[in-house]
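Raw work-v8.txt, compact mmCIF, C-alpha atoms and all ligand atoms:
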```txt
# COMPACT_ATOMS: atom_id res chain seq x y z
CA MET A 133 83.38 103.84 155.41
CA SER A 134 82.96 100.07 155.49
CA ALA A 135 79.34 98.87 155.60
CA VAL A 136 80.20 96.73 158.62
CA VAL A 137 81.13 99.85 160.61
CA GLU A 138 77.95 101.67 159.65
CA ASP A 139 75.80 98.62 160.53
CA SER A 140 77.56 98.24 163.88
CA ILE A 141 76.86 101.87 164.75
CA ARG A 142 73.17 101.56 163.89
CA GLN A 143 72.91 98.36 165.93
CA LEU A 144 74.61 99.98 168.91
CA LYS A 145 72.28 102.95 168.76
CA ALA A 146 69.24 100.66 168.52
CA GLN A 147 70.32 98.96 171.76
CA ARG A 148 71.08 101.96 173.94
CA GLN A 149 70.20 105.56 174.57
CA ALA A 150 73.47 106.87 176.02
CA PRO A 151 75.37 109.00 173.49
CA LEU A 152 77.80 106.93 171.47
CA CYS A 153 81.52 107.53 171.67
CA ALA A 154 83.75 104.73 170.44
CA TYR A 155 86.76 103.68 168.49
CA LEU A 156 85.84 100.91 166.06
CA TYR A 157 88.47 98.75 164.43
CA ASP A 158 87.89 96.55 161.40
CA LEU A 159 90.37 93.73 162.08
CA PRO A 160 89.77 91.65 158.91
CA ALA A 161 90.40 94.82 156.87
CA LEU A 162 93.60 95.44 158.87
CA ARG A 163 94.84 91.91 158.26
CA ALA A 164 94.14 92.12 154.52
CA TRP A 165 95.74 95.55 154.11
CA ALA A 166 98.89 94.76 156.11
CA SER A 167 99.26 91.47 154.19
CA ASP A 168 99.09 93.40 150.92
CA ILE A 169 101.80 95.81 152.06
CA ALA A 170 104.07 93.00 153.28
CA ALA A 171 103.57 91.00 150.08
CA SER A 172 104.22 94.00 147.88
CA LEU A 173 107.72 94.65 149.21
CA PRO A 174 110.68 93.13 147.32
CA PRO A 175 112.16 89.93 148.81
CA ALA A 176 115.05 91.66 150.63
CA CYS A 177 112.56 93.80 152.60
CA ARG A 178 110.78 93.00 155.86
CA LEU A 179 107.76 94.85 157.21
CA TYR A 180 107.93 95.67 160.92
CA TYR A 181 105.06 97.52 162.61
CA ALA A 182 105.88 100.60 164.74
CA ILE A 183 103.43 100.07 167.57
CA LYS A 184 103.45 103.71 168.70
CA ALA A 185 100.83 104.26 165.97
CA ASN A 186 98.39 101.98 167.80
CA SER A 187 99.38 99.44 170.44
CA GLU A 188 95.96 97.92 171.24
CA HIS A 189 96.38 94.23 172.09
CA ARG A 190 94.01 93.01 169.39
CA ILE A 191 95.68 95.16 166.74
CA LEU A 192 99.05 93.60 167.62
CA GLU A 193 97.50 90.13 167.73
CA THR A 194 96.03 90.66 164.25
CA LEU A 195 99.31 91.91 162.84
CA ARG A 196 101.55 89.30 164.48
CA PRO A 197 101.16 86.63 161.73
CA VAL A 198 101.47 89.25 158.99
CA VAL A 199 104.54 91.31 159.91
CA SER A 200 108.15 90.22 160.40
CA GLY A 201 108.36 91.96 163.76
CA PHE A 202 107.59 95.09 165.75
CA GLU A 203 109.31 98.36 166.57
CA ALA A 204 109.14 99.52 170.19
CA ALA A 205 110.22 102.85 171.68
CA SER A 206 109.80 102.11 175.39
CA LEU A 207 109.76 99.15 177.77
CA GLY A 208 106.01 99.60 178.01
CA GLU A 209 105.79 98.96 174.29
CA VAL A 210 108.12 95.98 174.59
CA ARG A 211 105.78 94.51 177.23
CA ARG A 212 102.76 95.07 174.99
CA ILE A 213 104.50 93.18 172.20
CA ARG A 214 105.60 90.36 174.50
CA ALA A 215 101.97 90.03 175.66
CA VAL A 216 101.08 88.86 172.15
CA SER A 217 104.27 86.96 171.37
CA ARG A 218 107.07 85.69 173.58
CA ASP A 219 109.58 85.45 170.76
CA CYS A 220 108.71 87.66 167.79
CA PRO A 221 111.51 89.96 166.62
CA ILE A 222 111.55 93.43 168.21
CA VAL A 223 113.70 96.41 167.27
CA PHE A 224 114.05 98.96 170.04
CA GLY A 225 114.62 102.67 169.41
CA GLY A 226 113.95 106.20 170.53
CA PRO A 227 116.07 109.02 171.96
CA GLY A 228 117.09 109.17 175.64
CA LYS A 229 117.07 105.51 176.64
CA THR A 230 117.77 104.86 180.31
CA ASP A 231 120.10 102.10 181.50
CA ASP A 232 117.06 100.22 182.80
CA GLU A 233 115.45 100.45 179.40
CA ILE A 234 118.54 99.18 177.61
CA GLU A 235 118.91 96.29 180.05
CA GLY A 236 115.17 95.57 180.09
CA ALA A 237 115.14 95.49 176.29
CA LEU A 238 118.05 93.04 176.25
CA GLN A 239 116.33 90.83 178.84
CA ALA A 240 113.19 90.86 176.70
CA GLY A 241 115.31 89.53 173.82
CA VAL A 242 115.10 92.49 171.45
CA ARG A 243 116.78 91.74 168.16
CA LEU A 244 118.35 95.15 167.51
CA LEU A 245 118.96 98.26 169.57
CA HIS A 246 118.84 101.54 167.66
CA VAL A 247 121.61 103.70 169.11
CA GLU A 248 121.11 107.45 168.92
CA SER A 249 124.40 108.93 170.24
CA ALA A 250 128.00 108.20 171.29
CA GLN A 251 126.88 108.22 174.93
CA GLU A 252 124.19 105.66 174.21
CA LEU A 253 126.70 103.51 172.33
CA ARG A 254 129.00 103.44 175.35
CA ARG A 255 126.06 102.55 177.60
CA ALA A 256 124.93 99.78 175.25
CA ASP A 257 128.50 98.43 175.36
CA LEU A 258 128.44 98.48 179.16
CA ALA A 259 125.10 96.67 179.18
CA GLY A 260 126.61 94.07 176.84
CA ARG A 261 129.59 93.59 179.20
CA ARG A 262 127.25 93.14 182.14
CA ALA A 263 125.16 90.64 180.22
CA GLY A 264 128.28 88.86 178.99
CA ARG A 265 127.22 88.97 175.34
CA PRO A 266 127.44 91.49 172.50
CA VAL A 267 124.54 93.82 171.86
CA ALA A 268 123.42 93.95 168.21
CA VAL A 269 122.95 97.58 167.22
CA LEU A 270 122.03 99.84 164.35
CA LEU A 271 123.35 103.40 164.51
CA ARG A 272 120.58 105.91 163.87
CA VAL A 273 121.86 108.71 161.65
CA ASN A 274 120.35 112.14 161.19
CA LEU A 275 121.21 112.98 157.59
CA ARG A 276 122.21 116.46 156.59
CA GLY A 277 119.69 116.47 153.69
CA PRO A 278 118.09 118.02 151.74
CA LEU A 279 115.27 115.50 152.19
CA PRO A 280 111.79 115.35 150.58
CA ALA A 281 108.97 117.53 151.91
CA ALA A 282 106.80 115.84 154.57
CA THR A 283 104.50 116.73 157.44
CA LEU A 284 107.16 116.13 160.11
CA LYS A 285 110.90 115.93 159.70
CA MET A 286 113.08 113.96 162.10
CA SER A 287 116.26 114.40 160.03
CA GLY A 288 117.81 116.84 157.59
CA ALA A 289 117.08 119.47 160.24
CA PRO A 290 118.17 120.17 163.82
CA THR A 291 116.20 117.62 165.89
CA GLN A 292 116.91 115.43 168.92
CA PHE A 293 116.95 112.30 166.75
CA GLY A 294 119.95 110.22 165.78
CA ILE A 295 123.61 111.02 165.28
CA ASP A 296 124.35 114.05 163.14
CA GLU A 297 125.80 112.73 159.90
CA ALA A 298 128.75 115.09 160.39
CA GLU A 299 129.47 113.48 163.80
CA LEU A 300 129.23 109.91 162.58
CA PRO A 301 133.00 109.46 161.96
CA ALA A 302 133.64 110.34 165.62
CA VAL A 303 131.00 107.83 166.78
CA LEU A 304 132.49 105.16 164.53
CA ARG A 305 135.86 105.81 166.23
CA VAL A 306 134.19 105.22 169.62
CA LEU A 307 132.81 101.96 168.25
CA ARG A 308 136.18 100.83 166.90
CA HIS A 309 138.37 101.84 169.82
CA GLU A 310 136.19 101.60 172.93
CA CYS A 311 133.43 99.05 172.39
CA THR A 312 134.02 95.37 172.97
CA HIS A 313 130.42 94.25 173.49
CA VAL A 314 128.60 95.96 170.66
CA GLU A 315 128.07 94.34 167.30
CA LEU A 316 127.27 96.86 164.58
CA LYS A 317 124.78 95.31 162.16
CA GLY A 318 124.03 98.43 160.15
CA PHE A 319 122.21 101.75 160.20
CA HIS A 320 118.80 103.16 160.97
CA LEU A 321 117.39 106.15 159.10
CA HIS A 322 113.88 107.27 159.98
CA SER A 323 113.83 110.80 158.59
CA LEU A 324 110.28 111.96 158.06
CA SER A 325 106.62 111.38 158.66
CA ASN A 326 103.70 111.28 156.25
CA ASN A 327 105.42 111.23 152.90
CA LEU A 328 102.73 110.85 150.25
CA ASP A 329 105.01 110.69 147.24
CA ALA A 330 106.09 107.23 146.07
CA ASP A 331 108.93 108.46 143.85
CA SER A 332 110.58 110.60 146.51
CA HIS A 333 110.25 107.78 149.06
CA ALA A 334 112.04 105.36 146.74
CA GLU A 335 114.72 108.01 146.07
CA LEU A 336 115.12 108.51 149.80
CA ILE A 337 115.83 104.79 150.20
CA ALA A 338 118.37 105.02 147.33
CA LEU A 339 120.10 107.82 149.27
CA TYR A 340 120.05 105.72 152.47
CA LEU A 341 121.60 102.76 150.64
CA GLN A 342 124.39 104.87 149.19
CA LYS A 343 125.16 106.54 152.52
CA ALA A 344 125.12 103.23 154.44
CA ALA A 345 127.38 101.58 151.86
CA GLY A 346 129.90 104.45 152.29
CA TRP A 347 129.88 104.22 156.09
CA SER A 348 130.26 100.43 156.02
CA ALA A 349 133.17 100.71 153.59
CA GLU A 350 134.80 103.26 155.90
CA LEU A 351 134.52 100.75 158.74
CA GLY A 352 135.58 97.83 156.55
CA ARG A 353 132.47 95.89 157.55
CA ARG A 354 129.69 94.24 155.60
CA LEU A 355 126.36 96.01 155.84
CA GLU A 356 123.90 93.40 157.14
CA VAL A 357 120.80 95.41 158.02
CA LEU A 358 119.45 98.77 156.91
CA ASN A 359 116.38 100.08 158.69
CA VAL A 360 114.68 102.62 156.41
CA GLY A 361 112.15 103.65 159.09
CA GLY A 362 108.49 104.41 158.52
CA GLY A 363 107.09 107.67 157.24
CA ILE A 364 104.84 106.50 154.42
CA GLY A 365 101.87 108.80 154.57
CA VAL A 366 98.10 108.87 154.68
CA ASN A 367 96.35 111.66 152.82
CA TYR A 368 93.74 112.90 155.31
CA ARG A 369 92.90 115.94 153.18
CA SER A 370 91.98 114.01 150.05
CA LEU A 371 91.08 110.40 150.80
CA ASP A 372 90.94 109.37 147.13
CA SER A 373 94.55 110.28 146.55
CA GLN A 374 96.72 107.99 148.66
CA PHE A 375 100.37 106.85 148.54
CA ASP A 376 100.81 104.93 145.26
CA TRP A 377 102.02 101.49 146.33
CA THR A 378 102.16 100.08 142.81
CA ARG A 379 104.47 102.87 141.71
CA PHE A 380 106.55 102.60 144.89
CA ARG A 381 107.00 98.86 144.43
CA SER A 382 108.40 99.21 140.91
CA ARG A 383 110.62 102.21 141.81
CA LEU A 384 111.92 100.42 144.89
CA ALA A 385 112.73 97.27 142.92
CA ARG A 386 114.86 99.41 140.57
CA VAL A 387 116.55 101.16 143.49
CA LEU A 388 117.43 97.85 145.13
CA ASP A 389 118.77 96.42 141.87
CA ALA A 390 121.05 99.44 141.54
CA HIS A 391 122.18 99.97 145.13
CA ALA A 392 121.49 97.05 147.51
CA PRO A 393 124.44 94.73 148.19
CA PRO A 394 123.62 90.99 148.06
CA GLY A 395 122.36 89.59 151.36
CA LEU A 396 121.33 92.97 152.79
CA GLU A 397 118.15 92.86 154.89
CA ILE A 398 116.05 96.02 154.60
CA LEU A 399 113.64 96.74 157.44
CA PHE A 400 110.62 98.99 157.10
CA GLU A 401 109.14 100.04 160.46
CA CYS A 402 105.85 101.60 159.37
CA GLY A 403 103.13 102.75 161.72
CA ARG A 404 100.64 105.18 160.24
CA VAL A 405 100.14 103.56 156.87
CA VAL A 406 99.53 100.14 158.46
CA THR A 407 96.74 100.95 160.93
CA ALA A 408 95.23 104.32 159.93
CA ALA A 409 92.54 102.99 157.61
CA CYS A 410 91.23 100.20 159.86
CA GLY A 411 90.18 102.61 162.64
CA TYR A 412 87.12 104.81 163.05
CA TYR A 413 86.28 107.32 165.76
CA ALA A 414 82.49 107.52 166.12
CA VAL A 415 80.91 110.31 168.14
CA GLU A 416 77.30 111.31 168.65
CA VAL A 417 76.13 114.88 168.05
CA LEU A 418 75.02 116.35 171.39
CA ASP A 419 74.25 119.87 170.26
CA LEU A 420 73.96 122.06 167.19
CA LYS A 421 74.40 125.79 167.44
CA ARG A 422 75.39 128.86 165.48
CA ASN A 423 77.98 131.21 166.98
CA HIS A 424 79.16 134.37 165.20
CA GLY A 425 77.79 133.01 161.94
CA THR A 426 79.50 129.60 162.14
CA HIS A 427 77.54 126.36 162.58
CA PHE A 428 78.93 124.03 165.24
CA ALA A 429 78.18 120.41 166.03
CA VAL A 430 79.26 119.61 169.59
CA VAL A 431 79.97 115.91 169.93
CA ARG A 432 80.37 113.41 172.76
CA GLY A 433 84.18 113.25 172.64
CA GLY A 434 86.86 115.49 171.20
CA THR A 435 90.57 115.99 170.85
CA HIS A 436 91.25 114.36 174.26
CA HIS A 437 90.34 111.09 172.49
CA PHE A 438 91.41 111.98 168.98
CA ARG A 439 94.19 114.56 169.00
CA LEU A 440 95.41 113.90 165.48
CA PRO A 441 93.50 116.72 163.68
CA ALA A 442 94.50 119.28 166.33
CA SER A 443 98.08 118.07 166.32
CA TRP A 444 98.38 118.28 162.54
CA GLN A 445 95.99 121.22 162.23
CA HIS A 446 93.84 119.58 159.61
CA SER A 447 90.12 119.13 159.24
CA HIS A 448 89.59 115.40 159.65
CA PRO A 449 87.25 113.66 157.16
CA PHE A 450 84.00 112.24 158.55
CA ARG A 451 80.65 110.85 157.43
CA VAL A 452 77.26 111.31 159.05
CA VAL A 453 75.44 108.11 160.06
CA ASP A 454 71.72 108.80 160.40
CA VAL A 455 70.24 107.60 163.65
CA ASP A 456 66.46 107.62 163.55
CA GLN A 457 65.74 107.29 167.26
CA TRP A 458 64.84 110.61 168.89
CA PRO A 459 63.79 110.20 172.54
CA TYR A 460 62.77 113.79 173.38
CA PRO A 461 59.24 115.29 173.39
CA PHE A 462 60.42 118.35 171.39
CA ASP A 463 61.55 118.99 167.82
CA ARG A 464 64.86 117.60 166.64
CA PRO A 465 67.28 120.35 165.55
CA GLU A 466 69.12 119.82 162.27
CA LEU A 467 71.32 121.57 159.75
CA ALA A 468 70.65 120.77 156.07
CA ARG A 469 73.03 121.42 153.14
CA GLY A 470 75.44 123.55 155.09
CA HIS A 471 78.97 123.75 156.47
CA ILE A 472 79.66 122.62 159.98
CA THR A 473 82.56 122.81 162.43
CA VAL A 474 82.80 119.77 164.69
CA ALA A 475 83.89 120.53 168.26
CA GLY A 476 84.32 118.33 171.31
CA GLN A 477 83.42 118.71 174.98
CA LEU A 478 86.61 120.36 176.20
CA CYS A 479 86.93 123.92 177.48
CA THR A 480 89.30 125.08 174.77
CA PRO A 481 88.54 126.53 171.33
CA LYS A 482 91.28 124.21 170.05
CA ASP A 483 89.00 121.23 170.65
CA VAL A 484 87.99 121.00 167.00
CA LEU A 485 87.99 117.83 164.89
CA ALA A 486 86.82 119.28 161.57
CA ARG A 487 86.19 122.77 160.24
CA ASP A 488 83.61 124.07 157.77
CA ALA A 489 82.86 120.62 156.39
CA TYR A 490 79.91 120.33 154.01
CA VAL A 491 77.06 118.07 155.17
CA GLU A 492 73.83 117.15 153.40
CA ARG A 493 72.16 116.92 156.77
CA VAL A 494 73.17 116.53 160.36
CA ARG A 495 70.85 116.22 163.34
CA ILE A 496 71.38 116.07 167.07
CA GLY A 497 71.59 112.35 167.82
CA ASP A 498 73.26 111.42 164.52
CA VAL A 499 76.71 109.87 164.72
CA LEU A 500 79.74 111.37 163.01
CA VAL A 501 82.28 108.78 161.97
CA PHE A 502 85.85 109.93 161.46
CA SER A 503 87.70 107.52 159.19
CA HIS A 504 91.47 106.86 159.06
CA ALA A 505 91.58 107.17 162.85
CA GLY A 506 93.45 103.93 163.52
CA ALA A 507 96.95 105.44 163.77
CA TYR A 508 98.08 108.15 166.19
CA GLY A 509 94.46 108.63 167.25
CA TRP A 510 93.87 107.37 170.77
CA SER A 511 97.58 106.65 171.31
CA ILE A 512 98.68 110.31 171.10
CA SER A 513 95.72 111.86 172.94
CA HIS A 514 95.56 113.52 176.37
CA HIS A 515 92.87 111.16 177.64
CA ASP A 516 92.22 112.53 181.08
CA PHE A 517 92.00 116.24 180.44
CA LEU A 518 88.63 117.23 181.99
CA SER A 519 88.04 113.65 183.21
CA HIS A 520 85.36 112.82 180.68
CA PRO A 521 84.71 109.10 180.23
CA HIS A 522 86.95 107.32 177.75
CA PRO A 523 85.51 106.05 174.48
CA GLU A 524 84.64 102.39 174.10
CA THR A 525 86.94 100.26 171.97
CA LEU A 526 85.00 97.95 169.68
CA TYR A 527 86.14 95.42 167.09
CA VAL A 528 84.00 94.79 164.05
CA GLY A 529 84.14 92.53 161.03
C1 LIG B 601 111.89 105.72 164.91
C2 LIG B 601 110.54 105.62 164.29
N1 LIG B 601 110.26 104.59 163.48
C3 LIG B 601 109.05 104.45 162.90
C4 LIG B 601 108.04 105.36 163.12
C5 LIG B 601 106.72 105.15 162.45
O1 LIG B 601 106.53 106.13 161.50
P1 LIG B 601 105.20 106.19 160.63
O2 LIG B 601 104.07 106.04 161.53
O3 LIG B 601 105.29 107.54 160.01
O4 LIG B 601 105.30 105.09 159.62
C6 LIG B 601 108.29 106.46 163.94
C7 LIG B 601 107.27 107.47 164.16
O5 LIG B 601 107.46 108.55 164.65
C8 LIG B 601 109.57 106.60 164.55
O6 LIG B 601 109.85 107.62 165.36
```
Can I see the file as structure tokens?
Amino acid sequence: MSAVVEDSIRQLKAQRQAPLCAYLYDLPALRAWASDIAASLPPACRLYYAIKANSEHRILETLRPVVSGFEAASLGEVRRIRAVSRDCPIVFGGPGKTDDEIEGALQAGVRLLHVESAQELRRADLAGRRAGRPVAVLLRVNLRGPLPAATLKMSGAPTQFGIDEAELPAVLRVLRHECTHVELKGFHLHSLSNNLDADSHAELIALYLQKAAGWSAELGRRLEVLNVGGGIGVNYRSLDSQFDWTRFRSRLARVLDAHAPPGLEILFECGRVVTAACGYYAVEVLDLKRNHGTHFAVVRGGTHHFRLPASWQHSHPFRVVDVDQWPYPFDRPELARGHITVAGQLCTPKDVLARDAYVERVRIGDVLVFSHAGAYGWSISHHDFLSHPHPETLYVG
């Protein structure tokens, strides 16, 4: 945990008695980390940020000068991006786009539309006719696989995402014979989530390049853009063993030398790996108890603010920040050198953030700080279940 986060929590607790519950974001750390990722990619590559991971205004503002553009999956996300920049490049994707969304995206000046089916291609063409100008698209393909192991798979398996690779020839026929207002720029392949292995990620991109080259040759068109999606992982189970960027960089450079045609632009649209580490979810311990032999810390907050551990069924890493103030006229309960399960305030046994985690000491009134909470934390949570107050959002550094 960064010292600045720990100091901020102590300062906050010195100023107020109400139990702490907050997301804290270290923006200078975010800027430095995202700059490192962008700079580490070979020259043909551009880093876009998939804002579904975290679309807070100040996060987008911090990333704007660092990334080449943003990925949006709804008009709401497009508006959030336009609130920080009127003209930065946006790529727009996601299954089941409505006509209003396609037209709204075009009006907002999105650079590329990711088309997920033949039906969507026809509707994009119609939108282009209405607008009187061609719509630049990438076709999103769901590869047949096999693909590397990962926490979630969007492709290589039956999912709602993209055009089945086996159906692509039929969709290309629609493009050739029916569409007058669609300009195919290339392909989009976001196949998995949370890949921790640098070698297999580089190999995946090699596969994408070979597939896209074949499809372009079939069409007799130059491949201009290949979007290789996001999916680079964060190791929540073992924080010291993260995706190896140095290895990835050298493997990717070799892959591009072997397979990338000259002039091809390769887009990465990463979410998790960009913002996970800059975010912390800090919650105060309200109660300590033992039930059926298991020690529980009940905290001010829970999975309605931070659904990630429940969604991925992992025990999320946290640190205890000692808070010395104790306002009550009775003894302060504590657990020393033991294992604790951290639960929230909801009325479901699924409201658990960490299980059987070892702590040197935890007391009621201490603050537990969950690290790597900056991606798919608040943004994927069911905020209003039970109508508890929302956490504060604080920016440090
Ligand atoms: C189409 C698309 N692109 C990019 C991303 C971002 O992926 P990640 O956060 O794994 O980098 C997602 C996430 O689900 C996605 O659906």
Could you give me, as a tab-separated table, a per-residue list for chain A showing, wherever an atom lies at most 10 Å from an atom of ligand LIG 601 (chain B), the closest pair of atoms and their distance in Å to one decimal, using all atoms listed in the file and sorting by chain then residue number from low to high?
```
residue	atom	partner	partner_atom	distance
A:Tyr180	CA	B:LIG601	C3	9.1
A:Tyr181	CA	B:LIG601	C5	7.8
A:Ala182	CA	B:LIG601	C5	5.2
A:Ile183	CA	B:LIG601	C5	7.9
A:Lys184	CA	B:LIG601	C7	7.0
A:Ala185	CA	B:LIG601	O2	5.8
A:Asn186	CA	B:LIG601	O2	9.4
A:Phe202	CA	B:LIG601	C3	9.9
A:Glu203	CA	B:LIG601	N1	7.0
A:Ala204	CA	B:LIG601	N1	8.5
A:Ala205	CA	B:LIG601	C1	7.5
A:Val223	CA	B:LIG601	N1	9.6
A:Phe224	CA	B:LIG601	C1	8.8
A:Gly225	CA	B:LIG601	C1	6.1
A:Gly226	CA	B:LIG601	C1	6.0
A:Pro227	CA	B:LIG601	C1	8.8
A:His246	CA	B:LIG601	C1	8.6
A:Arg272	CA	B:LIG601	C1	8.8
A:Thr283	CA	B:LIG601	O3	9.6
A:Leu284	CA	B:LIG601	O3	8.8
A:Lys285	CA	B:LIG601	O5	9.5
A:Met286	CA	B:LIG601	O6	7.8
A:Phe293	CA	B:LIG601	C1	8.5
A:Gly294	CA	B:LIG601	C1	9.3
A:His320	CA	B:LIG601	C1	8.4
A:Leu321	CA	B:LIG601	C1	8.0
A:His322	CA	B:LIG601	C1	5.5
A:Ser323	CA	B:LIG601	C1	8.3
A:Leu324	CA	B:LIG601	O3	6.9
A:Ser325	CA	B:LIG601	O3	4.3
A:Asn326	CA	B:LIG601	O3	5.5
A:Asn327	CA	B:LIG601	O3	8.0
A:Asn359	CA	B:LIG601	N1	9.0
A:Val360	CA	B:LIG601	N1	8.6
A:Gly361	CA	B:LIG601	N1	4.9
A:Gly362	CA	B:LIG601	O4	3.4
A:Gly363	CA	B:LIG601	O3	3.3
A:Ile364	CA	B:LIG601	O4	5.4
A:Gly365	CA	B:LIG601	O3	6.5
A:Val366	CA	B:LIG601	O3	9.0
A:Phe400	CA	B:LIG601	C3	8.1
A:Glu401	CA	B:LIG601	C3	5.0
A:Cys402	CA	B:LIG601	O4	3.5
A:Gly403	CA	B:LIG601	O2	3.4
A:Arg404	CA	B:LIG601	O2	3.8
A:Val405	CA	B:LIG601	O4	6.0
A:Val406	CA	B:LIG601	O4	7.7
A:Thr407	CA	B:LIG601	O2	8.9
A:Ala408	CA	B:LIG601	O2	9.1
A:Ala507	CA	B:LIG601	O2	7.5
A:Tyr508	CA	B:LIG601	O2	7.9
```
Hey, could you pull the box centre and edge lengths for segment 418-421 of chain A, axis-aligned, 5 Å padding per side, all listed atoms, to one decimal in Å, as JSON?
```
{"center_x": 74.5, "center_y": 121.1, "center_z": 169.3, "size_x": 11.1, "size_y": 19.4, "size_z": 14.2}
```
**Prompt:** Using all atoms listed in the file, which residues sit within 12 Å of Val491 of chain A once same-chain residues fewer than 3 positions away are excluded, as number ranges by chain?
**Reply:** A: 427-429, 449-454, 466-474, 486-488, 494-495, 500
**Item:** Residue nearest Val528 of chain A - candidates A:Asp232, A:Asp329, A:Glu193, A:Glu138, atoms counted: all atoms listed in the file
**Value:**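 Among the listed residues, the smallest separation from Val528 of chain A belongs to A:Glu138.
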**Asked** So which residues touch Thr480 of chain A within 12 Å, counting only C-alpha atoms, skipping near sequence neighbours fewer than 2 positions away, as a PyMOL selection string?
**Response** chain A and resi 434-436+442+475-478+482-484+517-518
**Asked** Restricting the calculation to only C-alpha atoms, which member of A:Arg305, A:Arg142, A:His514, A:His446 is positioned closest to Ala250 of chain A?
**Response**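 When distances to Ala250 of chain A are compared using only C-alpha atoms, the smallest one comes from A:Arg305.
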**Asked** Out of A:Ser519, A:Thr378, A:Ser503, A:Ser200, which residue has the shortest atom-to-atom distance to Asp219 of chain A when counting only C-alpha atoms?
**Response** A:Ser200
**Asked** Taking into account all atoms listed in the file, which residue in the set A:Leu396, A:Ala256, A:Leu418, A:Ala268 is nearest to Ile222 of chain A?
**Response** A:Ala268
**Asked** When distances are computed from all atoms listed in the file, which of A:Leu258, A:Glu350, A:Ala392, A:Phe375 shows the smallest separation from Ile337 of chain A?
**Response** A:Ala392
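Proximity of A:Ser382, A:Asn274, A:Ser373, A:Thr525 to His437 of chain A, computed with all atoms listed in the file, is greatest for A:Thr525.
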**Spatial neighbours of Arg354 of chain A, 9 Å, all atoms listed in the file, chain gap at least 6 places, as a PyMOL selection string** = chain A and resi 317-318+345+348+396
**Request:** Mind checking which residues fall within 9 Å of Ile295 of chain A, counting all atoms listed in the file, ignoring those fewer than 3 positions away in the same chain, and posting them as number ranges by chain?
**Result:** A: 247-250, 271-275, 292, 298-300, 303
**Message:** Report, in Å to a single decimal, how far apart atom CA of Glu524 of chain A and atom CA of Ala161 of chain A are.
**Reply:**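 These two atoms are separated by 19.7 Å.
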**Prompt:** Distance atom CA of Gly208 of chain A-atom CA of Ala237 of chain A, one decimal place?
**Reply:**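 It comes out at 10.2 Å.
Computed from the coordinates, the atom CA of Ala164 of chain A to atom CA of Leu358 of chain A distance equals 26.3 Å.
Look at Arg261 of chain A: the protein and nucleic acid residues within 10 Å of it, using all atoms listed in the file and passing over chain neighbours fewer than 5 places away, are Arg255, Ala256, Pro266, Val267, Cys311, Thr312, His313 and Val314 of chain A.
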**Message:** I need every residue sitting at most 10 Å from the point (77.3, 106.4, 162.8) (coordinates as in the file, all atoms listed in the file considered), written as JSON, numbers by chain.
**Reply:** {"A": [133, 137, 138, 139, 140, 141, 142, 143, 144, 145, 152, 153, 412, 413, 414, 415, 416, 450, 451, 452, 453, 454, 455, 497, 498, 499, 500, 501, 502]}
